[in-house]
Structures are given as structure tokens and as C-alpha cells.
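Student: Sharing a structure here in C-alpha cells format.
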Amino acid sequence: MYSKGLVPLAAAAVVTITTALALVFFYAPNDADQGFVQKIFYIHVPMAIVALCGFVAGGVFAIRHLRSGDRSWDMRSYVAIHLSIILGLAVLITGAIWAKASWGHWWLWDEPVLVSFLVVFLLYCVYYPLRFSIEDPDRQARYSSVFAITAGAFVPLNFIAVRLAEKYTHPRVLSQTGGSMPGEMRLTFLVALLGVALLFVTLWKLELTAKHASMQLKRLRNRARVAA
Amino acid sequence: MMGGARAILRKDLLIELRTKESVPAMVLFSVTVYVLFHFGLDRDSLDGELASGVLWVTLLLAAVIGVSRLFAAEREQGGIDGLLLAPVDRTSLFVAKAAALFLFLTAVELVAVPAFAVLLLGPGLGGALPELLVILALANLGVAAVGALVAALAAETRARELIVPLLLLPLLVPLLIACAQATEPLMRQDAGPEELGRWLGLLSLYDVVFVLLSVAVFDFLLED
């Protein structure tokens, strides 16, 4: 059910990510200010964008779950949020490495995107204790969906608030280079973004397939036990 | 709808008046946190950023207590079944709980803000009082909406005491930013509002988003 098209999708993800890495190391020029270190941008920013899209997708799936009452949408929402949290951890780590390398500090409070991301990450981490402290499966799905919708609406609001709180405007690489990124850099960035997005969708489908299979196995075992 | 909400609100206020559980605890907590900040910062009086930060962090932490007690009576005495069986829709339950929380927070601030002015605040509050009241009212509205939603979300979980602060505090970060930034110029020696409109705008946006969102999703909580 979920495994349809998984193999070509996985192959596309592998090819795109390999191409993106090749472009990062052999094609994209070194940044004039930051040098080689700036290349972490090609993994950090796509991961951040995909993680945020995953959080929002989790909210959208949750809306569909509450609308239809079909628990498979809750499962889609859960897996999307779960993968986004993992990506989010990687975003925070790569962000800290980048900050250390180019500004000399592991953490900078005046970098609004990173700070907003931390707040969003902390909020979404509560998804696990909330979800797994509810036993009744229907209620678990419903409460998780309410959380996913609330947190999904919180994401943009939080970004606005943290951006407004910014007193010292730090040079923001994304908007700076996004506006006037040289062609080679832009191409590399877009290929990397596509690669991470494909990887995300592949893992999402894979996890859903695995969850579906293990649920089916449990159902069959129960039936066998009843029969025996 | 309003009749049901009013009845639930009346019940909650009556319980609070008789048992005196939440509000006195929140006030006591706030004053204790002021004492902690006095020793933690080793300062006798605060102004500007530090003053507004200490005030708002204290008030929001006190709000956590109120939120985690919001469904206490229903849970411990089994009253939740009665509420859910009554022909009252969930929206009126939300309105009643949010209104109760709003009133509790207002009652706490009536004591906790003057106590802050006496204990820790350097410059007097006199001139900036109208602005501060507007900020407090908008903040209470936001905390009430988010708090009622979080309380309902956590009410049915096993790890309730854990979930409420972990869920509520990150959700309140935008509100804290707006409140602390709006209050900061009011607590400087040369008091005077500054960029107040911007922060009140953010605070209003936060309130509108979370009131609408909570009303929309509250129906799905506390079912069955």
C-alpha cells in the first residue's frame, strides 16, 4: 500500500544526493568570505527547509485525519514529524558547526532563523511524551493530530516573533546569497534541496511501509492465537 | 452556548473561592521566584530589560501552575464525565476554561505586579500604568487561550505534570518576546513607550491565532 514506487524513489534519491555532493565539492566555487566552510550551507539549509516543510505537512495530514477520522492519516503525520525532528537535530548541529567556523561561536542568539528553529524543535520534541503517554489508540491519534495542527500554526508565528526581536541584523547568508547567488552555487543548492527532499519522502514511505507491515503482522499473530 | 459556558465558569470560580487552590499558590510562587531572582542575580533593584524579563518569566511560570490545575477538579473528582454527558458543546467548555484562567491570571497579577514593583523594580511604575495594563490584558488573553488548549491536551495523558510545562512554555515564547519587549521601555529610568505598537500588534496577532485555533481544534479533545 505504501511501498508503491519506493524503489525508483530511493534510486532517484541516491542519484540526486550523489550528484549534489559531486557538485558541492567539484563544481560550486568557494565562498569569497567564508571559504570552504561555507559548503556546509548546501546540506544545512536544505535540511532546515525540508524539516520545516515536514512539520507543516504533519499538520496538514493531521487536519485530514480529524476531518476523515481515518487513522492512517495520523500515521502519515506521525512519521513526517518524527523524520523532521531527526532532521531538525541535524540542522541544529550543522548550524552550530557553521556558526563556530564562520563567526567563532558555537551558538549565536542573534541569528533569528537558528533561534526560531531551536524553539520549534523544543516544542516538537514534546510530541513523543504526549503521544506515547496516551494508551487508547483512537484518542492517541486525535490528541497527536491536535498537537500537530497547533504546532504547525505556531511555526510561522514563532518565526515572525523571533525575527522582530532581532536587534542586531546579522548578515543572513540565505537571503544574501539567495538574492545574488552565482549560478553555480544556486544550481548546486537546488540539486541538494531536491536530494534531501527525495530522501525525506523515501524514508517517510519506507517507515510507513514498515509500520504497516508490523501492524499487519501483529493482527495476524492475534488471529493465529485466537484460532489456536 | 453562552449559558453553558457561564454555568461552567461559575462552577470553576466557586470551587476556586471555596478551596483557594490555584490563585494563592500562583501568587506565593511568584513572590518566591522574585526572591530567587534577587539572590540569583544578586541585585536589589532591577530596571529596563532585566526588570521586564524577570517580571514576565515569573508570571508565565506562575501561569504554568494555573494551567496544570485547570482540569484538576474534573479529573480528581470524576466530574469530567458529568461535563461530557451534559448537553454542552466543547466550545462552551473551552470558553469557560479560558475565561476562568483569564480571571485567575488577572487576580494573580493584581498582587504579583505590585509586589514586583515593591520588591525588585527600581523606577516607579506610576507613569506607565495604562500601557502596562493593556499589555497584561492582551497577554492574559493569549495565555488563557493557549493554556486551556494545553490543559485539555494534557488532561488525558499519563505524564500530565510533565506535559503541561514542556508544551506550554515553548508555545509562549512569541508571547514572552512581545511582552518583554513592550514592557522593557516602561521600566527604564527615563520611562516612555517605544515601538509599543509593534509589540502590541504581535501580541494581538498571537491572541487571534491561538483563540481561533483553540476553538477550531477543541472539539476533538475530551471526546468520548
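The way I read the labels, and the way they are meant: chains A, B, ... in the order of the C-alpha cells, residue 1 as the first residue of every chain, and ligand 1 as the first ligand shown, with later ones counted on from there.
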Can you pull out the residues contacting stretch 156-160 of chain B? Cut-off 6 Å, using only C-alpha atoms, and skip same-chain residues under 3 positions away; I want them as a list in words.

Tutor: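 In the requested form, the answer reads Ser133 and Ile134 of chain A; Ile163 of chain B.
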
Student: If the cut-off is 7 Å, can you tell me the residues of chain A near chain B, counting only C-alpha atoms? I'd like them as an MDAnalysis selection string.

Tutor: chainID A and resid 119 122:123 126 130 133:134 142:143 146 158 161 165

Student: Work out how far atom CA of A:Trp106 is from atom CA of A:Gln34, in Å to one decimal.

Tutor: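 Spanning atom CA of A:Gln34 to atom CA of A:Trp106 is a straight-line distance of 15.9 Å.
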
Student: Please report the interatomic distance between atom CA of B:Ala7 and atom CA of B:Leu110 in Å with one decimal.

Tutor: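 Pair atom CA of B:Ala7 / atom CA of B:Leu110 returns 25.0 Å.
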
Student: To test your reading of the structure, identify every residue in stretch 23-216 of chain B that backbone DSSP assigns to helix (DSSP H, G or I), and report it as a ChimeraX atom specification.

Tutor: /B:23-41,48-68,72-76,79-85,90-119,126-155,160-171,173-187,196-216

Student: Just write the chosen residues, C-alpha atoms, as a compact mmCIF listing (two decimals), in the first residue's frame.

Tutor:
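Once written, again.txt looks like this:
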# COMPACT_ATOMS: atom_id res chain seq x y z
CA VAL B 23 -4.57 31.64 42.78
CA PRO B 24 -2.90 31.75 46.21
CA ALA B 25 -0.42 29.10 45.05
CA MET B 26 0.40 31.14 41.96
CA VAL B 27 0.88 34.33 43.98
CA LEU B 28 3.06 32.57 46.50
CA PHE B 29 5.09 31.04 43.67
CA SER B 30 5.58 34.45 42.01
CA VAL B 31 6.88 36.07 45.18
CA THR B 32 9.18 33.10 45.80
CA VAL B 33 10.58 33.45 42.29
CA TYR B 34 11.25 37.17 42.94
CA VAL B 35 13.27 36.16 45.98
CA LEU B 36 15.13 33.57 43.88
CA PHE B 37 15.90 36.21 41.25
CA HIS B 38 17.08 38.64 43.93
CA PHE B 39 19.67 36.14 45.13
CA GLY B 40 20.32 34.57 41.74
CA LEU B 41 21.11 37.90 40.12
CA GLY B 48 14.88 48.03 31.86
CA GLU B 49 15.38 44.70 30.15
CA LEU B 50 16.23 42.79 33.31
CA ALA B 51 13.12 44.04 35.12
CA SER B 52 10.69 43.22 32.31
CA GLY B 53 12.38 39.86 31.72
CA VAL B 54 12.15 38.85 35.39
CA LEU B 55 8.54 40.01 35.65
CA TRP B 56 7.37 38.16 32.54
CA VAL B 57 9.28 34.95 33.13
CA THR B 58 7.86 34.86 36.65
CA LEU B 59 4.28 35.50 35.50
CA LEU B 60 4.49 32.86 32.76
CA LEU B 61 5.97 30.28 35.14
CA ALA B 62 3.16 31.04 37.59
CA ALA B 63 0.70 30.55 34.72
CA VAL B 64 2.06 27.01 34.31
CA ILE B 65 0.71 26.21 37.79
CA GLY B 66 -2.72 27.56 36.89
CA VAL B 67 -2.79 25.62 33.63
CA SER B 68 -1.82 22.33 35.22
CA ALA B 72 -7.87 19.20 38.37
CA ALA B 73 -11.36 19.22 39.87
CA GLU B 74 -12.84 17.40 36.87
CA ARG B 75 -10.10 14.80 36.90
CA GLU B 76 -9.79 14.03 40.57
CA GLY B 79 -16.58 15.50 37.25
CA ILE B 80 -15.32 15.27 33.70
CA ASP B 81 -17.88 12.54 32.94
CA GLY B 82 -20.65 14.81 34.14
CA LEU B 83 -19.38 17.65 31.97
CA LEU B 84 -19.09 15.46 28.91
CA LEU B 85 -22.53 13.93 29.42
CA ARG B 90 -16.95 21.63 23.67
CA THR B 91 -16.64 25.23 22.55
CA SER B 92 -18.50 26.48 25.61
CA LEU B 93 -16.28 24.28 27.77
CA PHE B 94 -13.26 25.91 26.13
CA VAL B 95 -14.67 29.41 26.57
CA ALA B 96 -15.42 28.72 30.25
CA LYS B 97 -11.99 27.25 30.99
CA ALA B 98 -10.18 30.04 29.14
CA ALA B 99 -12.27 32.68 30.94
CA ALA B 100 -11.54 31.05 34.30
CA LEU B 101 -7.82 31.04 33.53
CA PHE B 102 -8.00 34.68 32.38
CA LEU B 103 -9.61 35.69 35.67
CA PHE B 104 -7.13 33.65 37.73
CA LEU B 105 -4.21 35.30 35.92
CA THR B 106 -5.72 38.76 36.46
CA ALA B 107 -6.18 38.03 40.16
CA VAL B 108 -2.57 36.83 40.42
CA GLU B 109 -1.25 39.92 38.63
CA LEU B 110 -3.23 42.22 40.96
CA VAL B 111 -0.88 41.04 43.71
CA ALA B 112 2.22 39.89 41.84
CA VAL B 113 2.82 43.05 39.78
CA PRO B 114 2.61 45.46 42.76
CA ALA B 115 4.76 43.01 44.72
CA PHE B 116 7.31 43.15 41.92
CA ALA B 117 7.23 46.95 41.97
CA VAL B 118 7.84 46.96 45.73
CA LEU B 119 10.43 44.19 45.92
CA GLY B 126 3.17 55.14 38.05
CA GLY B 127 3.56 56.83 34.67
CA ALA B 128 3.49 53.67 32.59
CA LEU B 129 0.48 52.04 34.21
CA PRO B 130 -2.07 52.36 31.35
CA GLU B 131 0.34 50.81 28.83
CA LEU B 132 1.22 48.03 31.25
CA LEU B 133 -2.46 47.24 31.83
CA VAL B 134 -3.06 46.89 28.09
CA ILE B 135 -0.05 44.57 27.75
CA LEU B 136 -1.18 42.49 30.74
CA ALA B 137 -4.73 42.16 29.37
CA LEU B 138 -3.54 41.06 25.92
CA ALA B 139 -1.02 38.66 27.46
CA ASN B 140 -3.68 37.13 29.72
CA LEU B 141 -5.92 36.55 26.72
CA GLY B 142 -3.14 34.73 24.87
CA VAL B 143 -2.10 32.66 27.89
CA ALA B 144 -5.75 31.80 28.59
CA ALA B 145 -6.34 30.52 25.05
CA VAL B 146 -3.11 28.54 24.82
CA GLY B 147 -3.39 27.40 28.44
CA ALA B 148 -6.91 25.99 28.08
CA LEU B 149 -5.85 24.12 24.95
CA VAL B 150 -2.70 22.71 26.58
CA ALA B 151 -4.60 21.75 29.74
CA ALA B 152 -7.13 19.82 27.67
CA LEU B 153 -4.37 18.18 25.61
CA ALA B 154 -2.54 17.05 28.73
CA ALA B 155 -5.64 16.11 30.73
CA ARG B 160 0.28 15.26 32.76
CA GLU B 161 2.55 17.19 35.13
CA LEU B 162 5.38 16.74 32.67
CA ILE B 163 3.49 17.63 29.52
CA VAL B 164 1.98 20.93 30.67
CA PRO B 165 5.20 22.93 31.23
CA LEU B 166 7.03 21.28 28.33
CA LEU B 167 4.21 22.07 25.94
CA LEU B 168 3.13 25.44 27.31
CA LEU B 169 6.46 27.21 27.66
CA PRO B 170 7.70 26.83 24.04
CA LEU B 171 4.26 27.86 22.81
CA VAL B 173 7.90 32.11 23.51
CA PRO B 174 6.40 34.54 20.95
CA LEU B 175 4.17 35.96 23.67
CA LEU B 176 7.13 36.38 26.01
CA ILE B 177 9.08 38.17 23.26
CA ALA B 178 6.24 40.61 22.64
CA CYS B 179 5.51 41.25 26.34
CA ALA B 180 9.11 41.60 27.46
CA GLN B 181 9.97 43.92 24.57
CA ALA B 182 6.86 46.04 25.10
CA THR B 183 7.41 46.35 28.85
CA GLU B 184 11.14 47.00 28.72
CA PRO B 185 10.98 50.75 27.84
CA LEU B 186 8.29 51.26 30.50
CA MET B 187 10.66 50.06 33.20
CA LEU B 196 4.80 49.87 21.63
CA GLY B 197 2.51 49.49 18.62
CA ARG B 198 4.70 46.89 17.01
CA TRP B 199 4.71 44.63 20.07
CA LEU B 200 1.03 45.13 20.80
CA GLY B 201 0.42 44.18 17.17
CA LEU B 202 2.42 40.99 17.57
CA LEU B 203 0.62 40.23 20.82
CA SER B 204 -2.78 40.75 19.18
CA LEU B 205 -1.78 38.55 16.25
CA TYR B 206 -0.74 35.83 18.70
CA ASP B 207 -4.05 36.13 20.56
CA VAL B 208 -6.15 36.00 17.40
CA VAL B 209 -4.27 32.99 16.00
CA PHE B 210 -4.46 30.95 19.19
CA VAL B 211 -8.05 31.84 20.10
CA LEU B 212 -9.25 30.81 16.64
CA LEU B 213 -7.03 27.73 16.56
CA SER B 214 -8.10 26.57 20.02
CA VAL B 215 -11.79 27.00 19.21
CA ALA B 216 -11.26 25.06 15.98

Student: Using only C-alpha atoms for the distances, tell me which of A:Thr18, A:Leu194, A:Val201, A:Phe154 is nearest to A:Ser84.

Tutor: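 Closest candidate: A:Val201.
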
Student: Counting only C-alpha atoms, which of A:Ile86, A:Ala99, A:Leu108, A:Leu23 gets nearest to A:Arg186?

Tutor: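 That would be A:Leu23, the residue with the smallest distance to A:Arg186.
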
Student: Residues at most 10 Å from A:Ala22, counting only C-alpha atoms, excluding those fewer than 6 positions away in the same chain, as a PyMOL selection string?

Tutor: chain A and resi 16+28+188

Student: Restricting it to C-alpha atoms, dump the selection as a CSV table (one decimal), in the first residue's frame.

Tutor:
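Saved as part09.csv:
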chain,number,residue,atom,x,y,z
A,16,THR,CA,20.4,13.2,-6.7
A,28,ALA,CA,30.4,25.1,-6.8
A,188,THR,CA,24.2,23.1,-6.5

Student: If we count only C-alpha atoms and set the cut-off at 8 Å, which residues sit around A:Met75, ignoring sequence neighbours fewer than 4 positions away in its own chain? Please answer as a PyMOL selection string.

Tutor: chain A and resi 71+79+141+208

Student: Suppose you want the space between atom CA of A:Ala20 and atom CA of A:Phe200; what is it in Å?

Tutor: 15.2 Å

Student: Excluding A:Ala62 and its own-chain neighbours fewer than 5 positions away, which residues fall within 7 Å of it when counting only C-alpha atoms? Please give them as an mmCIF file with N, CA and C atoms, in the first residue's frame.

Tutor:
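Generated output (out-v6.cif):
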data_model
loop_
_atom_site.group_PDB
_atom_site.id
_atom_site.type_symbol
_atom_site.label_atom_id
_atom_site.label_comp_id
_atom_site.auth_asym_id
_atom_site.auth_seq_id
_atom_site.Cartn_x
_atom_site.Cartn_y
_atom_site.Cartn_z
ATOM 1 N N TRP A 73 -4.051 8.623 8.268
ATOM 2 C CA TRP A 73 -3.529 9.986 8.117
ATOM 3 C C TRP A 73 -2.735 10.391 9.347
ATOM 4 N N ASP A 74 -3.168 9.929 10.511
ATOM 5 C CA ASP A 74 -2.409 10.223 11.720
ATOM 6 C C ASP A 74 -1.043 9.559 11.651
ATOM 7 N N SER A 77 1.106 11.634 9.509
ATOM 8 C CA SER A 77 1.502 12.835 10.242
ATOM 9 C C SER A 77 2.616 12.506 11.233
ATOM 10 N N SER A 145 -2.964 14.610 16.622
ATOM 11 C CA SER A 145 -3.332 15.468 15.498
ATOM 12 C C SER A 145 -3.565 16.899 15.967
ATOM 13 N N ALA A 148 -0.273 18.382 16.399
ATOM 14 C CA ALA A 148 0.401 18.644 15.120
ATOM 15 C C ALA A 148 -0.152 19.910 14.470
ATOM 16 N N ILE A 149 -1.460 20.125 14.574
ATOM 17 C CA ILE A 149 -2.068 21.319 13.967
ATOM 18 C C ILE A 149 -1.632 22.568 14.731
#
